[in-house]
Amino acid sequence: MDDLMAARLQMALSLGFHIVFACIGMTMPVLMAFSEWRWLRTGRQVYLDITKAWSKGVAIFFAVGAVSGTVLSFELGLLWPEFMRHAGSIIGMPFSWEGTAFFVEAIALGVFLYGWNRLNKWVHWASGIVVGISGVLSGIFVVAANSWMNSPAGFDWVDGKAVNIDPVKAMFNDAWLSQAIHMTLAAFVATGFAVAGVHAFLLLKNRKNIFHQQALKIALLFAAVAALLQPISGDYSAKDVAKRQPAKLAALEALYKTSKPAALVIGGIPNDKEERVDYAIHIPGFLSFLAHGDFKAEVKGLDQFPKEDRPPVLITHIAFQIMVGAGFLLAACSILYLLFSWRWRQVLLKKWWLYFIASTTPLGFIAVEAGWTVTEVGRQPWIIYGVMRTKDAVSSMPGLQYSFYVITTVYILLSLVIFWLMRRQIKTIEQFYPSAKTV
């Protein structure tokens, strides 16, 4: 394993691990605050119990997310010093704002966790709102930095150096809005369905348990709305990528040859040697419509780009298919949930439905991981799109593979600790929360 591959694998592992906690940190405080609001409005014990139970989970994930986020901040400088030398002054603003949002979130979470019976009820709830808003903003600020890597702005590149730097323009680059919307919705979909899946599984043991019934209802409500909005966001993102990063669009669709019109490829295995996609379903003209809003529009293929500038097609295409497939499955699940809630509520406690919801627990996070693979791998070979290649940004420090092995071990241990803590927390629900008692 060479140093470039070791650095890329370590960054991929760190991002893949941290993004789970970022999504949870953006979503769970919102669910938690909504549950407390329901308690304040109705006075029902079940909503208070749900809020307290979820708050403990939020604390656990916040702590681990802080650790993994800190590791990432060090890795940017240690693994990619050339990137940070040029990019630090340009995208420092979103990172500083993310740090501010993180500290506000930490303070508000402390107030929320230790403010029970010490603060006015509505003031306590307001602290939860601050946690939720700060969590969402924290994620959006990080996405702003990543979107700049996909759509560089706010500087002029002269003789290998960035000059005339405008941090505001860099932060609010052309890719910022589409990525921020898509990632925020993805966080709510992934976390919402994961939480719903856990409560659905626990509800199978006793379908009269009011605690898990209401927790499932809250989680699915947020997840369903986000999942139905996500395809709209995806269409917006696809048109944006087609305009800014046509090579990425060609890679994720495995479009080897420029086509007019271009067919949408569903499934399949890209064959780079013969430049075709095997075992795929082709829908004529549909890619032209998704990319440009015209069924007869021309879509650039990989043949328009030098081979050294093409993203890895196999990984990008398969990751994109996984993301879209999981997203549409969850959207279909959301339609069923809203339909059943409207007309056939008795179905929501049927065993087959609870098993189905439980089976969706990992799907949202699989989609998130696949989506970030598309974003990062689809940008290659560039670390700053069209400006700096990834191979030119890596550290010259020897032995990066050993750093990769150490970080991998740390994340495995952290995963085991999280699993143990959450399993313990779930097991104690019935012991500490009155509405969760088995009837």
# chains A, B, ... in the order shown; residues from 1 in each chain; ligands from 1
call {"tool": "residues_around", "arguments": {"residues": "Lys161 (chain A)", "least_positions_apart": "4", "cutoff": "12 Å", "atoms": "only C-alpha atoms", "output": "list in words"}}
result
Glu82, Phe83, Arg85, His86, Ala87, Ser89, Ile90, Phe155, Asp156, Trp157, Ile165, Val387 and Met388 of chain A
call {"tool": "write_last_selection", "arguments": {"atoms": "N, CA and C atoms", "output": "tab-separated table (two decimals), in the first residue's frame"}}
result
chain	number	residue	atom	x	y	z
A	82	GLU	N	-0.49	20.03	1.73
A	82	GLU	CA	-0.46	20.92	0.57
A	82	GLU	C	-1.85	21.49	0.29
A	83	PHE	N	-2.87	20.67	0.51
A	83	PHE	CA	-4.24	21.14	0.36
A	83	PHE	C	-4.54	22.24	1.37
A	85	ARG	N	-2.49	24.14	2.95
A	85	ARG	CA	-1.64	25.32	2.75
A	85	ARG	C	-2.33	26.32	1.83
A	86	HIS	N	-3.00	25.81	0.81
A	86	HIS	CA	-3.68	26.70	-0.13
A	86	HIS	C	-5.13	26.95	0.27
A	87	ALA	N	-5.80	25.92	0.79
A	87	ALA	CA	-7.24	26.02	1.03
A	87	ALA	C	-7.59	26.60	2.40
A	89	SER	N	-6.87	29.28	4.14
A	89	SER	CA	-7.30	30.68	4.22
A	89	SER	C	-8.58	30.94	3.44
A	90	ILE	N	-8.93	30.02	2.54
A	90	ILE	CA	-10.12	30.21	1.70
A	90	ILE	C	-11.37	29.65	2.38
A	155	PHE	N	-11.53	32.96	-5.14
A	155	PHE	CA	-10.10	33.18	-5.26
A	155	PHE	C	-9.70	33.14	-6.74
A	156	ASP	N	-8.52	33.62	-7.02
A	156	ASP	CA	-7.91	33.48	-8.34
A	156	ASP	C	-6.65	32.64	-8.18
A	157	TRP	N	-6.46	31.69	-9.08
A	157	TRP	CA	-5.30	30.79	-9.01
A	157	TRP	C	-4.23	31.32	-9.96
A	165	ILE	N	-8.51	36.48	-2.36
A	165	ILE	CA	-9.39	35.54	-1.65
A	165	ILE	C	-10.62	36.26	-1.10
A	387	VAL	N	-8.38	22.29	-10.02
A	387	VAL	CA	-7.29	23.16	-9.54
A	387	VAL	C	-6.12	22.34	-9.01
A	388	MET	N	-6.38	21.42	-8.09
A	388	MET	CA	-5.31	20.64	-7.46
A	388	MET	C	-5.66	19.16	-7.46
call {"tool": "residues_around", "arguments": {"residues": "region 132-146 of chain A", "least_positions_apart": "4", "cutoff": "6 Å", "atoms": "only C-alpha atoms", "output": "PyMOL selection string"}}
result
chain A and resi 25-26+29-30+91+94+98+101+105+171+176+180
call {"tool": "write_last_selection", "arguments": {"atoms": "C-alpha atoms", "output": "tab-separated table (two decimals), in the first residue's frame"}}
result
chain	number	residue	atom	x	y	z
A	25	GLY	CA	-26.23	15.03	15.68
A	26	MET	CA	-28.24	16.98	13.10
A	29	PRO	CA	-31.92	16.86	18.91
A	30	VAL	CA	-34.78	17.95	16.63
A	91	ILE	CA	-12.42	27.80	3.53
A	94	PRO	CA	-17.07	27.63	7.36
A	98	GLU	CA	-18.77	24.99	12.42
A	101	ALA	CA	-21.96	25.94	16.23
A	105	GLU	CA	-24.48	22.92	20.78
A	171	MET	CA	-18.37	29.52	1.43
A	176	TRP	CA	-23.33	24.91	-1.53
A	180	ALA	CA	-26.61	21.50	1.98
call {"tool": "closest_residue", "arguments": {"among": "A:Ala238, A:Val368, A:Val324, A:Ile357", "to": "Leu287 (chain A)", "atoms": "only C-alpha atoms"}}
result
A:Ala238
call {"tool": "closest_residue", "arguments": {"among": "A:Leu255, A:Leu79, A:Met28, A:Leu363", "to": "Glu298 (chain A)", "atoms": "only C-alpha atoms"}}
result
A:Leu255
call {"tool": "closest_residue", "arguments": {"among": "A:Leu414, A:Ile210, A:Leu203, A:Ala254", "to": "Lys351 (chain A)", "atoms": "only C-alpha atoms"}}
result
A:Leu203
call {"tool": "residues_around", "arguments": {"residues": "Cys23 (chain A)", "least_positions_apart": "4", "cutoff": "10 Å", "atoms": "only C-alpha atoms", "output": "list in words"}}
result
His18, Ile19, Thr27, Met28, Gly65, Gly135, Val136, Gly139, Met183, Thr184, Leu185, Ala186, Ala187, Phe188, Val189, Ala190, Thr191, Gly192, Phe365 and Val368 of chain A
call {"tool": "atom_distance", "arguments": {"atom1": "CA of Leu416 (chain A)", "atom2": "CA of Ser359 (chain A)"}}
result
21.5 Å
call {"tool": "residues_around", "arguments": {"residues": "region 239-244 of chain A", "least_positions_apart": "2", "cutoff": "7 Å", "atoms": "only C-alpha atoms", "output": "JSON, numbers by chain"}}
result
{"A": [235, 236, 237, 246, 249, 290, 291, 292]}
call {"tool": "write_last_selection", "arguments": {"atoms": "C-alpha atoms", "output": "PDB file, in the first residue's frame"}}
result
ATOM      1  CA  ASP A 235     -33.091  16.122  -9.174  1.00  0.00           C
ATOM      2  CA  TYR A 236     -31.857  19.600  -8.268  1.00  0.00           C
ATOM      3  CA  SER A 237     -28.429  18.174  -7.385  1.00  0.00           C
ATOM      4  CA  PRO A 246     -19.982  16.761 -16.196  1.00  0.00           C
ATOM      5  CA  LEU A 249     -22.231  12.846 -13.950  1.00  0.00           C
ATOM      6  CA  LEU A 290     -32.696  14.637 -15.501  1.00  0.00           C
ATOM      7  CA  ALA A 291     -29.533  16.516 -16.456  1.00  0.00           C
ATOM      8  CA  HIS A 292     -30.970  19.315 -18.557  1.00  0.00           C
TER       9      HIS A 292
END
call {"tool": "atom_distance", "arguments": {"atom1": "CA of Ile384 (chain A)", "atom2": "CA of Leu314 (chain A)"}}
result
21.6 Å
call {"tool": "residues_around", "arguments": {"residues": "Cys333 (chain A)", "least_positions_apart": "5", "cutoff": "9 Å", "atoms": "only C-alpha atoms", "output": "VMD selection string"}}
result
chain A and resid 224 227 328 338 356 to 357 360
call {"tool": "atom_distance", "arguments": {"atom1": "CA of His282 (chain A)", "atom2": "CA of Val374 (chain A)"}}
result
20.5 Å
call {"tool": "residues_around", "arguments": {"residues": "Ile335 (chain A)", "least_positions_apart": "6", "cutoff": "12 Å", "atoms": "only C-alpha atoms", "output": "list in words"}}
result
Leu220, Leu221, Ala223, Ala224, Val225, Ala226, Ala227, Leu228, Leu229, Phe328, Leu329, Ser341 and Trp342 of chain A
call {"tool": "write_last_selection", "arguments": {"atoms": "N, CA and C atoms", "output": "compact mmCIF listing (two decimals), in the first residue's frame"}}
result
# COMPACT_ATOMS: atom_id res chain seq x y z
N LEU A 220 -40.86 8.25 12.42
CA LEU A 220 -41.32 8.01 11.05
C LEU A 220 -41.92 9.25 10.42
N LEU A 221 -42.53 10.11 11.21
CA LEU A 221 -43.10 11.34 10.68
C LEU A 221 -42.01 12.20 10.04
N ALA A 223 -38.92 11.22 9.23
CA ALA A 223 -38.23 10.46 8.18
C ALA A 223 -39.03 10.44 6.89
N ALA A 224 -40.34 10.26 7.00
CA ALA A 224 -41.20 10.17 5.82
C ALA A 224 -41.21 11.48 5.04
N VAL A 225 -41.37 12.59 5.73
CA VAL A 225 -41.39 13.90 5.06
C VAL A 225 -40.06 14.14 4.34
N ALA A 226 -38.94 13.87 5.03
CA ALA A 226 -37.62 14.07 4.43
C ALA A 226 -37.40 13.14 3.24
N ALA A 227 -37.84 11.88 3.37
CA ALA A 227 -37.64 10.91 2.30
C ALA A 227 -38.42 11.28 1.04
N LEU A 228 -39.58 11.89 1.19
CA LEU A 228 -40.38 12.29 0.03
C LEU A 228 -39.85 13.57 -0.61
N LEU A 229 -39.17 14.40 0.17
CA LEU A 229 -38.55 15.60 -0.38
C LEU A 229 -37.21 15.30 -1.05
N PHE A 328 -35.13 5.50 -2.97
CA PHE A 328 -36.48 5.27 -3.50
C PHE A 328 -37.24 4.23 -2.68
N LEU A 329 -36.53 3.25 -2.14
CA LEU A 329 -37.20 2.27 -1.28
C LEU A 329 -37.74 2.95 -0.02
N SER A 341 -51.41 5.76 7.87
CA SER A 341 -51.76 6.68 8.95
C SER A 341 -53.08 7.40 8.66
N TRP A 342 -53.33 7.61 7.38
CA TRP A 342 -54.52 8.34 6.97
C TRP A 342 -55.77 7.45 6.93
call {"tool": "select_by_dssp", "arguments": {"residues": "region 65-309 of chain A", "states": "strand (DSSP E)", "output": "list in words"}}
result
Asp156, Trp157, Val158, Lys161, Ala162, Val163, Leu264, Val265, Ile266, Gly267, Gly268, Ile269, Pro270, Asn271, Arg276, Val277, Asp278, Tyr279, Ala280, Ile281, His282 and Ile283 of chain A
call {"tool": "residues_around", "arguments": {"residues": "Gly88 (chain A)", "least_positions_apart": "6", "cutoff": "10 Å", "atoms": "only C-alpha atoms", "output": "PDB file with N, CA and C atoms, in the first residue's frame"}}
result
ATOM      1  N   LEU A  76      -6.744  16.423   8.260  1.00  0.00           N
ATOM      2  CA  LEU A  76      -6.655  17.357   7.135  1.00  0.00           C
ATOM      3  C   LEU A  76      -5.265  17.971   7.037  1.00  0.00           C
ATOM      4  N   GLY A  77      -4.712  18.334   8.191  1.00  0.00           N
ATOM      5  CA  GLY A  77      -3.382  18.921   8.201  1.00  0.00           C
ATOM      6  C   GLY A  77      -2.264  17.908   8.062  1.00  0.00           C
ATOM      7  N   PRO A  81      -1.273  18.221   3.759  1.00  0.00           N
ATOM      8  CA  PRO A  81      -0.708  19.539   4.102  1.00  0.00           C
ATOM      9  C   PRO A  81      -0.709  20.519   2.932  1.00  0.00           C
ATOM     10  N   GLU A  82      -0.492  20.025   1.725  1.00  0.00           N
ATOM     11  CA  GLU A  82      -0.464  20.916   0.566  1.00  0.00           C
ATOM     12  C   GLU A  82      -1.847  21.494   0.292  1.00  0.00           C
ATOM     13  N   PHE A  95     -15.297  26.429   8.521  1.00  0.00           N
ATOM     14  CA  PHE A  95     -14.784  25.599   9.608  1.00  0.00           C
ATOM     15  C   PHE A  95     -14.853  26.338  10.945  1.00  0.00           C
TER      16      PHE A  95
END
call {"tool": "closest_residue", "arguments": {"among": "A:Ala33, A:Leu4, A:Ile318, A:Ile181", "to": "Leu109 (chain A)", "atoms": "only C-alpha atoms"}}
result
A:Ala33
call {"tool": "closest_residue", "arguments": {"among": "A:Gln213, A:Ser96, A:Thr42, A:Thr373", "to": "Val195 (chain A)", "atoms": "only C-alpha atoms"}}
result
A:Gln213
call {"tool": "select_by_dssp", "arguments": {"residues": "region 123-328 of chain A", "states": "alpha helix (DSSP H)", "output": "ChimeraX atom specification"}}
result
/A:123-150,167-171,176-203,210-244,246-252,286-292,313-328
